[in-house]
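Okay, so here's the structure we're looking at.
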Amino acid sequence: MKQSQAKFVSARRRNQHARRALPRILRASHPSISTDCYRITIVSCENWLGRNIEASLTLNVQRPTSNIKYRMRILMISAEGPPLQRAGALIDVMDALPRELRKPGNQVSVTLPYYREIREKSKFKAKRTGIAVDVRVGDKTYVADYFEARSAGGVQLFLVRCDDFFDRPGIYGEQGQPYEDNAARFIFFCKAALELARRLTPALQILHVHDWAAALVPVFVRAHNLPFATLLTIHHVADQGSFWGLDFNLTNLPERFFTLHGVEFFGRLNFLKGGILYADRITTVSEHYRREISRPSGAGGHGLDVVLRENAHRLTAILHGADYTRWNPASD
């Protein structure tokens with residue numbers, strides 16, 4: 001082999017070696033960069049007539065604009081959210097989280113009951129969707145009428161109207177006393193939200209439910225083998241949706257769901273326990289809170305600590321963020 005040809009082959013082999021080695025070097029020096037986020041370009045200067053053959057490498061690192069690889073279609077289901085007047089952390093989350101999830105391109109909508117407080121807001125406009133569905137609650141049937149609107153942040157809202165349940169001064173009760181039919185009210189809401197999810201197009205992928213009032217949604221999804229992944233976020237484990245055992249009949253679920261391995265908890269119907277057992281994934285609002293509610297013999301779990309520990313493989317802590325447009329030390 002001629003000397004110039006040998007040098008060219010040697011340079012080509014060095015280039016091939018560099019192509020194989022650079023990804024390993026890059027991963028070692030920049031572990032946060034995924035291997036599909038960079039491009040390697042080999043620039044070779046071959047001179048068949050000259051004695052010196054040089055090879056140079058240029059590396060163009062393309063950082064991803066988002067860590068979300070796939071765009072998702074999500075329906076969030078909650079008993080509280082904008083445009084209700086802020087009364088706690090859940091409404092803040094339901095305001096900020098959908099907006100943030102939409103930024104990388106996810107399709108996010110929110111459904112909540114059409115309370116009297118919302119209907120009486122003069123600046124809030126909602127229009128009928130033309131969809132009305134009969135929903136069974138025990139041996140009675142109620143009509144769910146769906147309205148569509150936009151939050152102040154531009155998130156699509158679906159409001160479930162049923163004046164028998166939601167045309168009241170309060171959300172959960174009045175003057176410190178819960179409504180006596182709260183079990184029926186939020187069983188209806190969970191079923192109505194699922195009827196909406198089945199009708200939305202393009203088809204939804206994820207149902208993200210918040211706290212006890214929406215926690216039966218994963219139970220109904222499993223019972224009826226519906227094609228949705230479910231995520232339950234626990235904001236306040238002390239509120240569990242615990243009702244008389246006879247209220248289980250309002251769910252119209254088979255009796256096998258009212259057992260130790262179902263929604264039964266010390267003889268009572270427990271919404272939150274059902275969500276913990278049947279949701280595909282569970283999240284809490286911080287690592288500290290996850291440890292607190294799962295601690296053995298601790299009061300933090302309010303009796304559900306055993307259930308949470310048994311399902312710890314599906315329980316993840318995701319720390320709440322801060323909306324600096326509202327909470328900014330520089331402007332407070």
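Scheme for the structure tokens: letters A, B, ... for chains in order shown; per-chain residue numbers from 1; ligand numbers from 1 in order shown.
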Report task. Pick out the residues sitting within 12 Å of Ala203 in chain A, and hand them over as a list of chain:residue names; count only C-alpha atoms, and ignore anything fewer than 2 positions along from it in its own chain. Result ->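 Skipping anything fewer than 2 positions along the chain leaves A:Met72, A:Arg73, A:Ile74, A:Leu75, A:Gln107, A:Leu196, A:Ala197, A:Arg198, A:Arg199, A:Leu200, A:Thr201, A:Gln205, A:Ile206, A:Leu207, A:Leu226, A:Pro227, A:Phe228, A:Ala229.
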Report summary line: Of A:Trp212, A:His235, A:Asp332, A:Trp327, the one nearest to Arg290 in chain A when counting only C-alpha atoms is A:His235
Query raised in the report: Within 9 Å of Leu277 in chain A, counting only C-alpha atoms, which residues qualify if same-chain residues fewer than 5 places away don't, as a list in words?
Result: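 Using only C-alpha atoms, the neighbours found are Pro218, Val219, His261, Gly262, Val263, Leu272, Val307, Leu308 and Asn311 of chain A.
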Assign secondary structure with DSSP using the backbone only, and return the residues of range 172-316 of chain A in strand (DSSP E or B) as a PDB file with N, CA, C and O atoms, in the first residue's frame.
```pdb
ATOM      1  N   GLY A 173     -70.044  22.421  51.826  1.00  0.00           N
ATOM      2  CA  GLY A 173     -70.999  22.573  52.907  1.00  0.00           C
ATOM      3  C   GLY A 173     -71.210  24.034  53.246  1.00  0.00           C
ATOM      4  O   GLY A 173     -70.720  24.934  52.557  1.00  0.00           O
ATOM      5  N   GLU A 174     -71.956  24.259  54.324  1.00  0.00           N
ATOM      6  CA  GLU A 174     -72.259  25.622  54.766  1.00  0.00           C
ATOM      7  C   GLU A 174     -72.085  25.721  56.273  1.00  0.00           C
ATOM      8  O   GLU A 174     -72.370  24.765  57.007  1.00  0.00           O
ATOM      9  N   GLN A 177     -70.535  22.948  58.291  1.00  0.00           N
ATOM     10  CA  GLN A 177     -71.149  21.624  58.250  1.00  0.00           C
ATOM     11  C   GLN A 177     -71.190  21.113  56.809  1.00  0.00           C
ATOM     12  O   GLN A 177     -71.635  21.828  55.912  1.00  0.00           O
ATOM     13  N   PRO A 178     -70.720  19.882  56.570  1.00  0.00           N
ATOM     14  CA  PRO A 178     -70.755  19.345  55.203  1.00  0.00           C
ATOM     15  C   PRO A 178     -72.184  19.043  54.774  1.00  0.00           C
ATOM     16  O   PRO A 178     -73.062  18.763  55.606  1.00  0.00           O
ATOM     17  N   ILE A 206     -54.684  10.762  29.406  1.00  0.00           N
ATOM     18  CA  ILE A 206     -54.458  10.777  30.852  1.00  0.00           C
ATOM     19  C   ILE A 206     -55.586  11.530  31.548  1.00  0.00           C
ATOM     20  O   ILE A 206     -55.964  12.631  31.129  1.00  0.00           O
ATOM     21  N   LEU A 207     -56.096  10.941  32.623  1.00  0.00           N
ATOM     22  CA  LEU A 207     -57.023  11.622  33.521  1.00  0.00           C
ATOM     23  C   LEU A 207     -56.268  11.903  34.816  1.00  0.00           C
ATOM     24  O   LEU A 207     -55.844  10.977  35.507  1.00  0.00           O
ATOM     25  N   HIS A 208     -56.084  13.178  35.116  1.00  0.00           N
ATOM     26  CA  HIS A 208     -55.340  13.597  36.305  1.00  0.00           C
ATOM     27  C   HIS A 208     -56.348  14.101  37.328  1.00  0.00           C
ATOM     28  O   HIS A 208     -56.945  15.164  37.150  1.00  0.00           O
ATOM     29  N   VAL A 209     -56.555  13.328  38.393  1.00  0.00           N
ATOM     30  CA  VAL A 209     -57.581  13.654  39.381  1.00  0.00           C
ATOM     31  C   VAL A 209     -56.919  14.191  40.641  1.00  0.00           C
ATOM     32  O   VAL A 209     -55.809  13.794  41.000  1.00  0.00           O
ATOM     33  N   HIS A 210     -57.629  15.103  41.311  1.00  0.00           N
ATOM     34  CA  HIS A 210     -57.060  15.802  42.457  1.00  0.00           C
ATOM     35  C   HIS A 210     -57.932  15.604  43.692  1.00  0.00           C
ATOM     36  O   HIS A 210     -59.126  15.921  43.693  1.00  0.00           O
ATOM     37  N   ALA A 229     -55.103   6.272  31.097  1.00  0.00           N
ATOM     38  CA  ALA A 229     -54.181   6.186  32.226  1.00  0.00           C
ATOM     39  C   ALA A 229     -54.648   7.185  33.279  1.00  0.00           C
ATOM     40  O   ALA A 229     -55.171   8.257  32.947  1.00  0.00           O
ATOM     41  N   THR A 230     -54.475   6.837  34.553  1.00  0.00           N
ATOM     42  CA  THR A 230     -54.981   7.703  35.621  1.00  0.00           C
ATOM     43  C   THR A 230     -53.863   8.087  36.579  1.00  0.00           C
ATOM     44  O   THR A 230     -52.998   7.279  36.917  1.00  0.00           O
ATOM     45  N   LEU A 231     -53.917   9.334  37.013  1.00  0.00           N
ATOM     46  CA  LEU A 231     -52.958   9.882  37.973  1.00  0.00           C
ATOM     47  C   LEU A 231     -53.740  10.572  39.078  1.00  0.00           C
ATOM     48  O   LEU A 231     -54.607  11.412  38.804  1.00  0.00           O
ATOM     49  N   LEU A 232     -53.445  10.211  40.322  1.00  0.00           N
ATOM     50  CA  LEU A 232     -54.069  10.837  41.491  1.00  0.00           C
ATOM     51  C   LEU A 232     -53.033  11.684  42.206  1.00  0.00           C
ATOM     52  O   LEU A 232     -51.954  11.186  42.547  1.00  0.00           O
ATOM     53  N   THR A 233     -53.351  12.960  42.443  1.00  0.00           N
ATOM     54  CA  THR A 233     -52.494  13.811  43.260  1.00  0.00           C
ATOM     55  C   THR A 233     -53.181  14.064  44.598  1.00  0.00           C
ATOM     56  O   THR A 233     -54.330  14.517  44.639  1.00  0.00           O
ATOM     57  N   ILE A 234     -52.459  13.750  45.676  1.00  0.00           N
ATOM     58  CA  ILE A 234     -52.973  13.956  47.028  1.00  0.00           C
ATOM     59  C   ILE A 234     -52.429  15.277  47.548  1.00  0.00           C
ATOM     60  O   ILE A 234     -51.229  15.418  47.785  1.00  0.00           O
ATOM     61  N   SER A 242     -64.918  10.159  53.344  1.00  0.00           N
ATOM     62  CA  SER A 242     -65.345   8.977  54.093  1.00  0.00           C
ATOM     63  C   SER A 242     -66.833   9.097  54.415  1.00  0.00           C
ATOM     64  O   SER A 242     -67.265  10.067  55.049  1.00  0.00           O
ATOM     65  N   PHE A 243     -67.615   8.079  53.990  1.00  0.00           N
ATOM     66  CA  PHE A 243     -69.070   8.124  54.134  1.00  0.00           C
ATOM     67  C   PHE A 243     -69.592   6.775  54.635  1.00  0.00           C
ATOM     68  O   PHE A 243     -68.863   5.784  54.663  1.00  0.00           O
ATOM     69  N   GLU A 264     -63.644   0.015  50.564  1.00  0.00           N
ATOM     70  CA  GLU A 264     -64.097  -0.115  51.949  1.00  0.00           C
ATOM     71  C   GLU A 264     -62.950   0.171  52.908  1.00  0.00           C
ATOM     72  O   GLU A 264     -61.824  -0.289  52.716  1.00  0.00           O
ATOM     73  N   PHE A 265     -63.244   0.958  53.957  1.00  0.00           N
ATOM     74  CA  PHE A 265     -62.230   1.281  54.958  1.00  0.00           C
ATOM     75  C   PHE A 265     -62.917   1.349  56.312  1.00  0.00           C
ATOM     76  O   PHE A 265     -63.655   2.286  56.603  1.00  0.00           O
ATOM     77  N   ARG A 268     -66.634   1.710  56.041  1.00  0.00           N
ATOM     78  CA  ARG A 268     -67.132   2.918  55.397  1.00  0.00           C
ATOM     79  C   ARG A 268     -66.643   3.001  53.951  1.00  0.00           C
ATOM     80  O   ARG A 268     -65.664   2.348  53.564  1.00  0.00           O
ATOM     81  N   LEU A 269     -67.331   3.798  53.161  1.00  0.00           N
ATOM     82  CA  LEU A 269     -66.901   4.104  51.795  1.00  0.00           C
ATOM     83  C   LEU A 269     -65.847   5.200  51.867  1.00  0.00           C
ATOM     84  O   LEU A 269     -66.089   6.266  52.433  1.00  0.00           O
ATOM     85  N   ASN A 270     -64.654   4.936  51.304  1.00  0.00           N
ATOM     86  CA  ASN A 270     -63.562   5.901  51.362  1.00  0.00           C
ATOM     87  C   ASN A 270     -63.094   6.210  49.941  1.00  0.00           C
ATOM     88  O   ASN A 270     -62.450   5.386  49.285  1.00  0.00           O
ATOM     89  N   ARG A 281     -50.763   5.912  38.811  1.00  0.00           N
ATOM     90  CA  ARG A 281     -49.680   6.601  39.512  1.00  0.00           C
ATOM     91  C   ARG A 281     -50.289   7.539  40.548  1.00  0.00           C
ATOM     92  O   ARG A 281     -51.406   8.037  40.377  1.00  0.00           O
ATOM     93  N   ILE A 282     -49.520   7.784  41.623  1.00  0.00           N
ATOM     94  CA  ILE A 282     -49.952   8.676  42.697  1.00  0.00           C
ATOM     95  C   ILE A 282     -48.836   9.683  42.939  1.00  0.00           C
ATOM     96  O   ILE A 282     -47.655   9.310  42.956  1.00  0.00           O
ATOM     97  N   THR A 283     -49.189  10.939  43.133  1.00  0.00           N
ATOM     98  CA  THR A 283     -48.188  11.945  43.481  1.00  0.00           C
ATOM     99  C   THR A 283     -48.647  12.718  44.714  1.00  0.00           C
ATOM    100  O   THR A 283     -49.838  12.792  45.015  1.00  0.00           O
ATOM    101  N   THR A 284     -47.663  13.273  45.415  1.00  0.00           N
ATOM    102  CA  THR A 284     -47.929  14.198  46.511  1.00  0.00           C
ATOM    103  C   THR A 284     -47.165  15.479  46.244  1.00  0.00           C
ATOM    104  O   THR A 284     -46.395  15.575  45.287  1.00  0.00           O
ATOM    105  N   LEU A 315     -46.043   5.700  44.239  1.00  0.00           N
ATOM    106  CA  LEU A 315     -46.162   7.001  44.900  1.00  0.00           C
ATOM    107  C   LEU A 315     -44.894   7.822  44.684  1.00  0.00           C
ATOM    108  O   LEU A 315     -43.795   7.379  45.017  1.00  0.00           O
ATOM    109  N   THR A 316     -45.051   9.013  44.133  1.00  0.00           N
ATOM    110  CA  THR A 316     -43.927   9.892  43.829  1.00  0.00           C
ATOM    111  C   THR A 316     -44.198  11.277  44.399  1.00  0.00           C
ATOM    112  O   THR A 316     -45.340  11.741  44.396  1.00  0.00           O
TER     113      THR A 316
END
```
Query - Who sits within 9 Å of range 156-169 of chain A, only C-alpha atoms, same chain under 6 positions skipped, as number ranges by chain - result: A: 108-117, 126, 129, 142-150, 181-182, 184-186, 188-189, 192-193, 196
Identify, on the basis of only C-alpha atoms, every residue whose closest approach to Val93 in chain A does not exceed 9 Å; exclude the query and any residue fewer than 3 positions from it along the same chain; express the result as a compact mmCIF listing (two decimals) with all heavy atoms, in the first residue's frame.
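Contents of selection.txt, freshly written:
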```
# COMPACT_ATOMS: atom_id res chain seq x y z
N GLY A 81 -61.12 24.87 41.46
CA GLY A 81 -60.25 25.43 40.44
C GLY A 81 -60.80 26.76 39.97
O GLY A 81 -61.94 27.12 40.27
N ALA A 89 -54.65 26.00 48.59
CA ALA A 89 -53.56 25.69 47.66
C ALA A 89 -54.06 24.97 46.42
O ALA A 89 -53.48 25.11 45.34
CB ALA A 89 -52.50 24.85 48.36
N LEU A 90 -55.14 24.18 46.53
CA LEU A 90 -55.61 23.41 45.39
C LEU A 90 -56.02 24.32 44.23
O LEU A 90 -55.72 24.03 43.07
CB LEU A 90 -56.77 22.50 45.79
CG LEU A 90 -57.38 21.64 44.68
CD1 LEU A 90 -56.32 20.82 43.97
CD2 LEU A 90 -58.48 20.74 45.23
N ALA A 96 -52.21 27.24 38.00
CA ALA A 96 -50.86 27.31 37.44
C ALA A 96 -50.45 26.05 36.68
O ALA A 96 -49.82 26.13 35.61
CB ALA A 96 -49.85 27.59 38.55
N LEU A 97 -50.76 24.86 37.20
CA LEU A 97 -50.26 23.62 36.61
C LEU A 97 -50.74 23.40 35.17
O LEU A 97 -49.93 23.07 34.29
CB LEU A 97 -50.63 22.43 37.49
CG LEU A 97 -50.12 21.06 37.02
CD1 LEU A 97 -48.61 21.05 36.92
CD2 LEU A 97 -50.60 19.96 37.98
N PRO A 98 -52.03 23.56 34.86
CA PRO A 98 -52.44 23.37 33.46
C PRO A 98 -51.74 24.34 32.51
O PRO A 98 -51.37 23.96 31.39
CB PRO A 98 -53.95 23.63 33.50
CG PRO A 98 -54.35 23.34 34.91
CD PRO A 98 -53.20 23.78 35.74
N HIS A 320 -44.21 21.28 44.78
CA HIS A 320 -44.95 22.39 44.22
C HIS A 320 -44.00 23.51 43.81
O HIS A 320 -43.05 23.83 44.52
CB HIS A 320 -45.93 22.95 45.26
CG HIS A 320 -47.27 22.30 45.20
ND1 HIS A 320 -48.31 22.65 46.01
CD2 HIS A 320 -47.75 21.31 44.41
CE1 HIS A 320 -49.37 21.92 45.74
NE2 HIS A 320 -49.05 21.10 44.78
N GLY A 321 -44.28 24.11 42.68
CA GLY A 321 -43.52 25.28 42.27
C GLY A 321 -44.19 26.55 42.77
O GLY A 321 -45.20 26.52 43.48
```
